[in-house]
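> So that you have it, the file is run-v6.cif, and it contains mmCIF, C-alpha atoms:
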data_upload
loop_
_atom_site.label_atom_id
_atom_site.label_comp_id
_atom_site.auth_asym_id
_atom_site.auth_seq_id
_atom_site.Cartn_x
_atom_site.Cartn_y
_atom_site.Cartn_z
CA GLN R 19 -141.12 8.56 74.36
CA LEU R 20 -137.45 8.51 75.34
CA ILE R 21 -136.04 9.94 78.57
CA PHE R 22 -132.56 11.45 78.51
CA SER R 23 -131.07 11.97 81.95
CA GLU R 24 -127.87 13.61 80.64
CA ALA R 25 -127.44 17.00 82.34
CA SER R 26 -126.52 18.70 79.06
CA LEU R 27 -130.10 18.31 77.86
CA GLN R 28 -131.68 19.56 81.07
CA GLN R 29 -129.73 22.77 81.57
CA GLY R 30 -131.15 25.78 79.79
CA HIS R 31 -133.91 23.82 78.08
CA ALA R 32 -137.21 24.66 79.74
CA GLN R 33 -139.91 22.03 79.41
CA SER R 34 -143.63 22.32 79.79
CA GLU R 35 -145.17 21.37 83.12
CA SER R 36 -146.75 18.26 81.58
CA THR R 37 -143.42 17.15 80.08
CA GLN R 38 -141.66 17.58 83.40
CA LYS R 39 -144.38 15.51 85.03
CA ASP R 40 -143.98 12.78 82.40
CA ALA R 41 -140.25 12.61 83.08
CA ALA R 42 -140.79 12.02 86.78
CA VAL R 43 -143.40 9.25 86.68
CA SER R 44 -143.15 5.80 88.23
CA ASP R 45 -139.82 5.94 90.08
CA GLY R 46 -139.59 9.61 90.98
CA GLY R 47 -136.73 10.21 88.56
CA SER R 48 -136.19 13.19 86.30
CA GLY R 49 -135.03 13.74 82.76
CA THR R 50 -135.74 15.29 79.40
CA VAL R 51 -138.54 13.58 77.48
CA VAL R 52 -138.10 13.39 73.70
CA VAL R 53 -141.19 12.30 71.78
CA MET R 54 -140.48 10.87 68.31
CA LYS R 55 -143.00 9.98 65.64
CA GLN R 56 -142.25 6.75 63.80
CA ARG R 57 -143.49 5.30 60.51
CA GLY R 58 -144.26 1.72 59.56
CA SER R 59 -145.91 -1.27 61.17
CA SER R 60 -144.62 -3.04 64.26
CA ALA R 61 -143.70 -6.01 62.07
CA GLN R 62 -141.59 -3.77 59.82
CA HIS R 63 -139.84 -2.29 62.84
CA LEU R 64 -138.93 -5.72 64.17
CA ALA R 65 -137.71 -6.80 60.75
CA ASP R 66 -135.59 -3.64 60.34
CA SER R 67 -137.30 -3.21 56.98
CA THR R 68 -138.09 0.49 57.12
CA GLY R 69 -136.33 3.78 57.80
CA GLY R 70 -139.33 4.85 59.87
CA PRO R 71 -138.53 3.66 63.40
CA VAL R 72 -135.98 4.87 65.93
CA TYR R 73 -133.37 2.13 66.20
CA ASP R 74 -131.08 1.55 69.18
CA ALA R 75 -128.00 2.84 67.36
CA ALA R 76 -129.65 6.25 67.07
CA ILE R 77 -130.40 6.26 70.80
CA CYS R 78 -126.83 5.24 71.61
CA LEU R 79 -125.34 7.93 69.37
CA SER R 80 -127.72 10.55 70.79
CA ARG R 81 -126.68 9.64 74.32
CA TYR R 82 -123.02 9.87 73.30
CA LEU R 83 -123.53 13.39 71.97
CA ALA R 84 -125.29 14.44 75.18
CA ALA R 85 -122.85 12.71 77.54
CA ASP R 86 -119.47 13.06 75.82
CA GLU R 87 -119.65 15.78 73.16
CA ALA R 88 -122.01 18.32 74.72
CA SER R 89 -119.29 20.79 75.71
CA ASN R 90 -117.87 20.76 72.18
CA LEU R 91 -121.13 21.21 70.28
CA PRO R 92 -122.37 24.76 71.00
CA GLY R 93 -122.19 26.85 67.84
CA LYS R 94 -121.23 23.87 65.65
CA THR R 95 -122.71 22.65 62.36
CA VAL R 96 -123.94 19.05 62.20
CA ILE R 97 -125.21 16.94 59.29
CA GLU R 98 -126.91 13.59 59.83
CA LEU R 99 -126.84 10.98 57.05
CA GLY R 100 -129.55 8.35 56.65
CA ALA R 101 -131.39 9.84 59.58
CA GLY R 102 -134.65 7.89 59.69
CA PRO R 103 -137.01 9.78 62.04
CA GLY R 104 -134.15 12.10 63.06
CA LEU R 105 -133.56 11.49 66.77
CA VAL R 106 -129.83 12.21 66.58
CA SER R 107 -130.50 15.52 64.86
CA VAL R 108 -133.14 16.52 67.43
CA ILE R 109 -130.62 15.96 70.24
CA ALA R 110 -127.82 17.65 68.28
CA ALA R 111 -129.98 20.72 67.63
CA ARG R 112 -130.62 21.16 71.35
CA LEU R 113 -126.87 20.86 72.04
CA VAL R 114 -125.53 23.19 69.32
CA GLY R 115 -127.83 25.97 70.49
CA ASP R 116 -128.96 29.05 68.60
CA GLY R 117 -125.47 29.65 67.23
CA GLY R 118 -125.26 26.23 65.58
CA TYR R 119 -127.11 24.50 62.78
CA VAL R 120 -128.21 20.92 62.08
CA LEU R 121 -129.20 19.43 58.71
CA CYS R 122 -131.06 16.14 59.02
CA THR R 123 -131.02 14.15 55.78
CA ASP R 124 -132.43 10.99 54.29
CA GLY R 125 -132.84 9.72 50.75
CA ILE R 126 -136.55 8.87 50.95
CA ASP R 127 -139.15 11.62 50.50
CA THR R 128 -141.61 10.24 53.07
CA THR R 129 -138.83 9.89 55.63
CA VAL R 130 -137.77 13.51 55.07
CA GLU R 131 -141.39 14.50 55.73
CA LEU R 132 -141.32 12.47 58.96
CA ILE R 133 -138.08 14.18 59.99
CA ALA R 134 -139.68 17.59 59.52
CA GLU R 135 -142.48 16.60 61.89
CA ASN R 136 -139.95 15.51 64.53
CA LEU R 137 -137.66 18.57 64.50
CA LEU R 138 -139.18 20.07 67.63
CA ASP R 139 -137.69 21.69 70.73
CA ALA R 140 -138.33 20.72 74.35
CA ASN R 141 -141.64 22.59 74.31
CA GLY R 142 -142.90 21.01 71.11
CA GLN R 143 -142.16 24.05 68.95
CA LYS R 144 -140.44 23.86 65.57
CA LEU R 145 -136.66 24.04 65.88
CA THR R 146 -135.25 27.21 64.34
CA ASN R 147 -131.68 25.88 64.07
CA ALA R 148 -132.43 22.64 62.18
CA ALA R 149 -133.89 21.57 58.86
CA ALA R 150 -134.78 18.39 57.00
CA ALA R 151 -133.50 17.76 53.48
CA LYS R 152 -133.39 14.97 50.93
CA TYR R 153 -129.87 13.70 50.28
CA TRP R 154 -129.45 10.82 47.87
CA TRP R 155 -125.83 9.79 48.31
CA GLY R 156 -123.88 10.64 45.19
CA GLU R 157 -125.89 13.75 44.40
CA GLU R 158 -124.85 17.22 45.59
CA PRO R 159 -127.87 19.21 46.83
CA GLU R 160 -127.17 22.82 47.72
CA GLU R 161 -128.32 22.32 51.32
CA VAL R 162 -125.48 19.83 51.79
CA THR R 163 -122.70 21.58 49.86
CA CYS R 164 -123.30 25.16 50.99
CA ARG R 165 -121.72 24.66 54.44
CA THR R 166 -118.68 23.17 56.08
CA TRP R 167 -119.77 20.54 58.59
CA ASP R 168 -118.09 20.33 61.98
CA TYR R 169 -119.79 17.01 62.76
CA VAL R 170 -121.04 14.28 60.44
CA VAL R 171 -123.23 11.72 62.21
CA ALA R 172 -124.91 8.52 61.08
CA SER R 173 -126.50 5.52 62.79
CA ASP R 174 -127.47 2.08 61.55
CA VAL R 175 -125.84 2.42 58.14
CA ALA R 176 -123.71 -0.76 58.25
CA TYR R 177 -126.38 -3.35 57.46
CA ASP R 178 -126.14 -3.61 53.65
CA GLU R 179 -122.82 -3.90 51.81
CA GLU R 180 -124.41 -2.66 48.59
CA ILE R 181 -124.81 0.86 50.00
CA PHE R 182 -121.26 1.15 51.36
CA PRO R 183 -119.75 2.67 48.17
CA TYR R 184 -122.47 5.32 48.18
CA LEU R 185 -121.95 6.01 51.87
CA MET R 186 -118.26 6.53 51.17
CA ILE R 187 -119.14 8.99 48.39
CA ALA R 188 -121.31 10.92 50.84
CA LEU R 189 -118.62 10.94 53.51
CA ARG R 190 -116.03 12.22 51.04
CA ALA R 191 -118.42 15.04 50.14
CA VAL R 192 -119.13 16.23 53.68
CA MET R 193 -115.99 15.33 55.66
CA LYS R 194 -113.37 18.08 55.48
CA PRO R 195 -110.15 18.67 57.46
CA GLY R 196 -111.33 19.41 60.98
CA SER R 197 -114.63 17.55 60.62
CA ILE R 198 -115.50 14.83 63.12
CA GLY R 199 -117.50 11.84 61.91
CA LEU R 200 -119.45 9.64 64.32
CA LEU R 201 -120.95 6.38 63.07
CA CYS R 202 -122.90 4.06 65.36
CA ASN R 203 -124.24 0.64 64.43
CA GLY R 204 -125.74 -2.23 66.35
CA THR R 205 -123.86 -5.47 65.74
CA ARG R 206 -126.11 -7.15 63.20
CA VAL R 207 -124.05 -8.45 60.27
CA PRO R 208 -120.43 -8.76 61.50
CA LYS R 209 -119.06 -9.45 58.02
CA ALA R 210 -120.64 -6.29 56.62
CA GLU R 211 -119.52 -4.20 59.58
CA LYS R 212 -115.92 -5.39 59.20
CA GLN R 213 -116.05 -4.55 55.50
CA LEU R 214 -117.31 -1.02 56.21
CA ARG R 215 -114.60 -0.53 58.83
CA ARG R 216 -111.91 -1.56 56.33
CA MET R 217 -113.31 0.91 53.78
CA LEU R 218 -113.39 3.71 56.35
CA GLU R 219 -109.85 3.02 57.59
CA ALA R 220 -108.55 3.18 54.02
CA GLU R 221 -109.63 6.82 53.75
CA PHE R 222 -110.01 8.15 57.28
CA ASP R 223 -108.37 7.88 60.67
CA LEU R 224 -110.74 5.73 62.74
CA THR R 225 -110.98 5.39 66.52
CA VAL R 226 -113.24 2.91 68.29
CA VAL R 227 -115.25 4.61 71.05
CA ASP R 228 -116.29 2.61 74.11
CA ALA R 229 -120.09 2.64 73.98
CA GLU R 230 -120.83 0.06 76.68
CA HIS R 231 -122.06 2.69 79.14
CA LEU R 232 -124.53 3.94 76.51
CA GLU R 233 -126.12 0.59 75.65
CA SER R 234 -129.40 1.14 77.44
CA SER R 235 -132.49 3.19 76.85
CA GLU R 236 -134.84 4.79 79.34
CA GLU R 237 -138.34 4.96 77.93
CA LEU R 238 -141.75 6.21 78.98
CA LEU R 239 -144.44 3.68 78.12
CA VAL R 240 -147.72 5.56 77.81
CA PRO R 241 -150.95 3.50 78.05
CA GLU R 242 -153.05 3.41 74.90
CA GLU R 243 -156.28 5.38 74.98
CA GLU R 244 -158.34 2.20 74.74
CA GLY R 245 -156.32 0.55 77.53
CA PRO R 246 -157.62 -0.32 81.01
CA ALA R 247 -159.01 2.49 83.12
CA GLY R 248 -156.58 3.91 85.64
CA ALA R 249 -153.45 2.77 83.80
CA VAL R 250 -150.49 5.11 84.29
CA ALA R 251 -147.34 5.82 82.33
CA GLU R 252 -144.47 3.54 83.24
CA ARG R 253 -140.82 4.51 83.21
CA LYS R 254 -138.58 1.61 82.20
CA ARG R 255 -134.88 1.11 81.42
CA ARG R 256 -134.17 -1.34 78.62
CA VAL R 257 -130.77 -2.85 77.82
CA MET R 258 -130.12 -2.87 74.08
CA PRO R 259 -130.08 -6.44 72.69
CA ARG R 260 -127.22 -5.73 70.27
CA ARG R 261 -123.70 -4.59 71.12
CA MET R 262 -123.09 -1.12 69.72
CA ASN R 263 -120.14 -0.22 67.51
CA LEU R 264 -119.32 3.48 67.74
CA TRP R 265 -116.60 4.82 65.43
CA ARG R 266 -115.06 8.28 65.35
CA ILE R 267 -113.45 9.27 62.05
CA THR R 268 -111.38 12.24 60.91
CA CYS R 269 -109.68 13.09 57.66
CA LYS R 270 -106.17 11.71 57.20
CA PRO R 271 -103.42 14.35 57.19
CA ALA R 272 -102.62 15.61 53.71
#
Starting from the file, lay out its structure as structure tokens.

Amino acid sequence: QLIFSEASLQQGHAQSESTQKDAAVSDGGSGTVVVMKQRGSSAQHLADSTGGPVYDAAICLSRYLAADEASNLPGKTVIELGAGPGLVSVIAARLVGDGGYVLCTDGIDTTVELIAENLLDANGQKLTNAAAAKYWWGEEPEEVTCRTWDYVVASDVAYDEEIFPYLMIALRAVMKPGSIGLLCNGTRVPKAEKQLRRMLEAEFDLTVVDAEHLESSEELLVPEEEGPAGAVAERKRRVMPRRMNLWRITCKPA
């Protein structure tokens, strides 16, 4: 359970009484609780060997949308590439409002199913302005090609050089003049990240965004049912172990 203290997520988004209580535990603070289902074992999560968990880059990018892009997002269309459980899309859907639309995509069928389970509003109801879809980079599904996307977002896609050509194909397909691309990655393989940046700069205008103020995560640690009697939820802020790279891209002038 993640706690977002950004005001953009608290205004106009009613939460249930129990959710509000969860957000205020331990230190008396407040915030918007976002509960995300994950897939895979703890060992897989630690090894970064599955698209099932919520990685820090997704949290960082979500916080950036809520803190720095919130005023620009109402009514906008957003597509997320390689979404994993879909945290960025959940936050984007709350920010674009009823007049906007978010498509949350991944190339793995089971991950798309997980996304669909996570596309919920602040009261745990299915989001009406967001959908999950399979997008295998290089293909052109109708859900992806039928709209013009104002924002293209992706997190943790810079870890494997073999996928970079396919990522570039996807970006060419969805980035149009006027689109804003936001890519966030935790520093993991510097050589690969430098290679991806070179590829992006060859085709897009790229700006490095200062993400230092976003490199922490506030989480609600809920005791397991079989845990000790009387245990209470604990609110904790965790500093991300990896430095975050956040890039903003736009199409080069014709």
> So, counting only C-alpha atoms, which residue among R:Val120, R:Val130, R:Leu214, R:Ala191 is closest to Thr163 (chain R)?
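Answer, going by the shortest atom-to-atom distance: R:Ala191.
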> Report as a list in words all protein, DNA and RNA residues lying within 10 Å of Arg190 (chain R), evaluated on all atoms listed in the file, omitting residues in the same chain fewer than 5 positions from it.
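Here the answer would be Gly156, Tyr184, Leu185, Glu221, Phe222 and Cys269 of chain R.
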> Distance CA of Lys270 (chain R)-CA of Glu157 (chain R), one decimal place?
23.6 Å
> Counting only C-alpha atoms, write as number ranges by chain all protein and nucleic acid residues lying at most 10 Å from (-131.6, 21.1, 61.6) in the file's frame.
R: 95-98, 104, 107-108, 110-112, 118-123, 133-134, 137-138, 145-151
> Separation of CA of Ala76 (chain R) and CA of Pro159 (chain R), in Å?
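Taking CA of Ala76 (chain R) as the start and CA of Pro159 (chain R) as the end point, the length is 24.1 Å.
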> For each of R:Trp265, R:Ser173, R:Ile109, R:Pro259, take the minimum atom-to-atom distance to Ala140 (chain R), counting all atoms listed in the file, then give the residue where this is smallest.
R:Ile109
> Between CA of Ala188 (chain R) and CA of Leu79 (chain R), what distance in Å does the model show, to one decimal?
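Going from CA of Ala188 (chain R) over to CA of Leu79 (chain R) covers 19.2 Å.
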> Can you pull out the residues contacting Ala210 (chain R)? Cut-off 8 Å, using all atoms listed in the file, and skip same-chain residues under 5 positions away; I want them as a PyMOL selection string.
chain R and resi 176-179
> Please produce an output containing C-alpha atoms for each residue in the selection, written as a PDB file, keeping the file's coordinate frame.

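Full text of selection.pdb as output:
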ATOM      1  CA  ALA R 176    -123.710  -0.760  58.250  1.00  0.00           C
ATOM      2  CA  TYR R 177    -126.380  -3.350  57.460  1.00  0.00           C
ATOM      3  CA  ASP R 178    -126.140  -3.610  53.650  1.00  0.00           C
ATOM      4  CA  GLU R 179    -122.820  -3.900  51.810  1.00  0.00           C
TER       5      GLU R 179
END
> I would like the residues chosen by the PyMOL selection byres ((chain R and resi 228) around 12) on the shown file; could you give them as a list in words?
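Selected by the PyMOL selection byres ((chain R and resi 228) around 12) in this file: Cys78, Leu79, Tyr82, Asp86, Cys202, Thr225, Val226, Val227, Ala229, Glu230, His231, Leu232, Glu233, Arg261, Met262, Asn263, Leu264, Trp265 and Arg266 of chain R.
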> With the PyMOL selection byres ((chain R and resi 236) around 8) as the selection, what would be picked from this file? Answer as a list in words, please.
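When the PyMOL selection byres ((chain R and resi 236) around 8) is applied to the shown file, the picked residues are Leu20, Ile21, Phe22, Ser234, Ser235, Glu237, Leu238, Arg253, Lys254, Arg255 and Arg256 of chain R.
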> Print the selection's residues with C-alpha atoms to a file, as a PDB file, in the frame of the given file.

ATOM      1  CA  LEU R  20    -137.450   8.510  75.340  1.00  0.00           C
ATOM      2  CA  ILE R  21    -136.040   9.940  78.570  1.00  0.00           C
ATOM      3  CA  PHE R  22    -132.560  11.450  78.510  1.00  0.00           C
ATOM      4  CA  SER R 234    -129.400   1.140  77.440  1.00  0.00           C
ATOM      5  CA  SER R 235    -132.490   3.190  76.850  1.00  0.00           C
ATOM      6  CA  GLU R 237    -138.340   4.960  77.930  1.00  0.00           C
ATOM      7  CA  LEU R 238    -141.750   6.210  78.980  1.00  0.00           C
ATOM      8  CA  ARG R 253    -140.820   4.510  83.210  1.00  0.00           C
ATOM      9  CA  LYS R 254    -138.580   1.610  82.200  1.00  0.00           C
ATOM     10  CA  ARG R 255    -134.880   1.110  81.420  1.00  0.00           C
ATOM     11  CA  ARG R 256    -134.170  -1.340  78.620  1.00  0.00           C
TER      12      ARG R 256
END
> Measuring between all atoms listed in the file, which one of R:Thr166, R:Thr128, R:Thr50, R:Asn136 shows the shortest distance to Gly196 (chain R)?
R:Thr166
> Within 12 Å of (-110.3, 2.4, 53.6) in the file's own coordinates, which protein, DNA or RNA residues have an atom, counting all atoms listed in the file? List them as a list in words.
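Answer for this query, in the requested form: Phe182, Pro183, Met186, Leu189, Arg190, Lys212, Gln213, Leu214, Arg215, Arg216, Met217, Leu218, Glu219, Ala220, Glu221, Phe222, Asp223, Leu224, Ile267, Cys269 and Lys270 of chain R.
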> With distances taken over all atoms listed in the file, which of R:Met193, R:Val106, R:Val171, R:Ile126 is nearest to Trp154 (chain R)?
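Between R:Met193, R:Val106, R:Val171, R:Ile126, the residue approaching Trp154 (chain R) most closely is R:Ile126.
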> Looking at only C-alpha atoms, which of R:Gly204, R:Gly58, R:Gly93, R:Gly102 is the one that sits closest to Met258 (chain R)?
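Of all the options, R:Gly204 lies closest to Met258 (chain R).
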> Between R:Ser89, R:Thr129, R:Glu158, R:Glu24, which one has atoms that come closest to Arg57 (chain R), using only C-alpha atoms?
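So, comparing all the options, the nearest one is R:Thr129.
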> Evaluate the PyMOL selection byres ((chain R and resi 199) around 7) and record the selected residues as a PyMOL selection string, following the chain and residue labels used in the document.
chain R and resi 169-171+197-198+200-201+266-268
> All heavy atoms are what I want for region 256-267 of chain R; can you complete it accordingly and write them as a CSV table (one decimal), keeping the file's coordinate frame?

chain,number,residue,atom,x,y,z
R,256,ARG,N,-134.3,-0.2,79.5
R,256,ARG,CA,-134.2,-1.3,78.6
R,256,ARG,C,-132.7,-1.4,78.1
R,256,ARG,O,-132.2,-0.5,77.6
R,256,ARG,CB,-135.1,-1.2,77.4
R,256,ARG,CG,-135.0,-2.4,76.4
R,256,ARG,CD,-136.0,-2.2,75.3
R,256,ARG,NE,-135.7,-0.9,74.6
R,256,ARG,CZ,-134.8,-0.8,73.6
R,256,ARG,NH1,-134.1,-1.8,73.3
R,256,ARG,NH2,-134.6,0.3,73.0
R,257,VAL,N,-132.1,-2.6,78.3
R,257,VAL,CA,-130.8,-2.8,77.8
R,257,VAL,C,-130.9,-3.2,76.3
R,257,VAL,O,-131.7,-4.1,76.0
R,257,VAL,CB,-130.1,-4.0,78.6
R,257,VAL,CG1,-128.7,-4.3,78.0
R,257,VAL,CG2,-130.0,-3.6,80.1
R,258,MET,N,-130.1,-2.6,75.5
R,258,MET,CA,-130.1,-2.9,74.1
R,258,MET,C,-129.7,-4.3,73.8
R,258,MET,O,-128.6,-4.8,74.3
R,258,MET,CB,-129.2,-1.9,73.3
R,258,MET,CG,-129.7,-0.4,73.5
R,258,MET,SD,-128.6,0.8,72.8
R,258,MET,CE,-129.5,2.3,73.3
R,259,PRO,N,-130.4,-5.0,72.9
R,259,PRO,CA,-130.1,-6.4,72.7
R,259,PRO,C,-128.8,-6.6,71.9
R,259,PRO,O,-128.2,-7.7,71.9
R,259,PRO,CB,-131.3,-6.9,71.9
R,259,PRO,CG,-131.9,-5.7,71.3
R,259,PRO,CD,-131.6,-4.6,72.3
R,260,ARG,N,-128.4,-5.6,71.1
R,260,ARG,CA,-127.2,-5.7,70.3
R,260,ARG,C,-126.1,-4.9,70.9
R,260,ARG,O,-126.3,-3.8,71.4
R,260,ARG,CB,-127.5,-5.3,68.8
R,260,ARG,CG,-128.5,-6.1,68.1
R,260,ARG,CD,-128.5,-5.7,66.6
R,260,ARG,NE,-129.4,-6.5,65.8
R,260,ARG,CZ,-130.5,-6.1,65.4
R,260,ARG,NH1,-131.0,-4.9,65.7
R,260,ARG,NH2,-131.3,-6.9,64.6
R,261,ARG,N,-124.9,-5.4,70.7
R,261,ARG,CA,-123.7,-4.6,71.1
R,261,ARG,C,-123.5,-3.5,70.1
R,261,ARG,O,-123.7,-3.7,68.9
R,261,ARG,CB,-122.5,-5.5,71.1
R,261,ARG,CG,-121.2,-4.7,71.6
R,261,ARG,CD,-121.3,-4.3,73.0
R,261,ARG,NE,-120.2,-3.5,73.4
R,261,ARG,CZ,-119.0,-4.0,73.9
R,261,ARG,NH1,-118.9,-5.3,74.1
R,261,ARG,NH2,-118.1,-3.1,74.3
R,262,MET,N,-123.2,-2.3,70.6
R,262,MET,CA,-123.1,-1.1,69.7
R,262,MET,C,-121.6,-0.9,69.3
R,262,MET,O,-120.7,-1.0,70.1
R,262,MET,CB,-123.6,0.1,70.4
R,262,MET,CG,-125.1,0.1,70.7
R,262,MET,SD,-126.1,0.2,69.2
R,262,MET,CE,-127.4,-1.0,69.5
R,263,ASN,N,-121.4,-0.6,68.0
R,263,ASN,CA,-120.1,-0.2,67.5
R,263,ASN,C,-120.2,1.3,67.3
R,263,ASN,O,-121.1,1.7,66.5
R,263,ASN,CB,-119.8,-0.9,66.2
R,263,ASN,CG,-119.6,-2.4,66.4
R,263,ASN,OD1,-118.9,-2.8,67.3
R,263,ASN,ND2,-120.2,-3.2,65.5
R,264,LEU,N,-119.4,2.0,67.9
R,264,LEU,CA,-119.3,3.5,67.7
R,264,LEU,C,-117.9,3.9,67.2
R,264,LEU,O,-116.9,3.6,67.9
R,264,LEU,CB,-119.6,4.2,69.1
R,264,LEU,CG,-119.6,5.7,69.1
R,264,LEU,CD1,-120.6,6.3,68.0
R,264,LEU,CD2,-120.1,6.2,70.4
R,265,TRP,N,-117.9,4.5,66.1
R,265,TRP,CA,-116.6,4.8,65.4
R,265,TRP,C,-116.5,6.3,65.3
R,265,TRP,O,-117.5,7.0,64.9
R,265,TRP,CB,-116.5,4.2,64.1
R,265,TRP,CG,-116.5,2.7,64.1
R,265,TRP,CD1,-116.1,1.8,65.1
R,265,TRP,CD2,-117.0,1.8,63.0
R,265,TRP,NE1,-116.3,0.5,64.7
R,265,TRP,CE2,-116.9,0.5,63.5
R,265,TRP,CE3,-117.6,2.0,61.8
R,265,TRP,CZ2,-117.3,-0.6,62.7
R,265,TRP,CZ3,-118.0,1.0,61.0
R,265,TRP,CH2,-117.8,-0.4,61.5
R,266,ARG,N,-115.3,6.9,65.5
R,266,ARG,CA,-115.1,8.3,65.4
R,266,ARG,C,-114.0,8.4,64.2
R,266,ARG,O,-113.0,7.7,64.3
R,266,ARG,CB,-114.5,8.9,66.6
R,266,ARG,CG,-114.2,10.4,66.6
R,266,ARG,CD,-113.6,10.8,68.0
R,266,ARG,NE,-113.4,12.2,68.1
R,266,ARG,CZ,-114.2,13.0,68.8
R,266,ARG,NH1,-115.3,12.4,69.3
R,266,ARG,NH2,-114.0,14.3,68.8
R,267,ILE,N,-114.4,9.1,63.2
R,267,ILE,CA,-113.4,9.3,62.0
R,267,ILE,C,-113.1,10.7,61.8
R,267,ILE,O,-113.9,11.6,62.1
R,267,ILE,CB,-114.0,8.7,60.8
R,267,ILE,CG1,-115.3,9.4,60.3
R,267,ILE,CG2,-114.3,7.2,60.9
R,267,ILE,CD1,-115.9,9.0,59.0
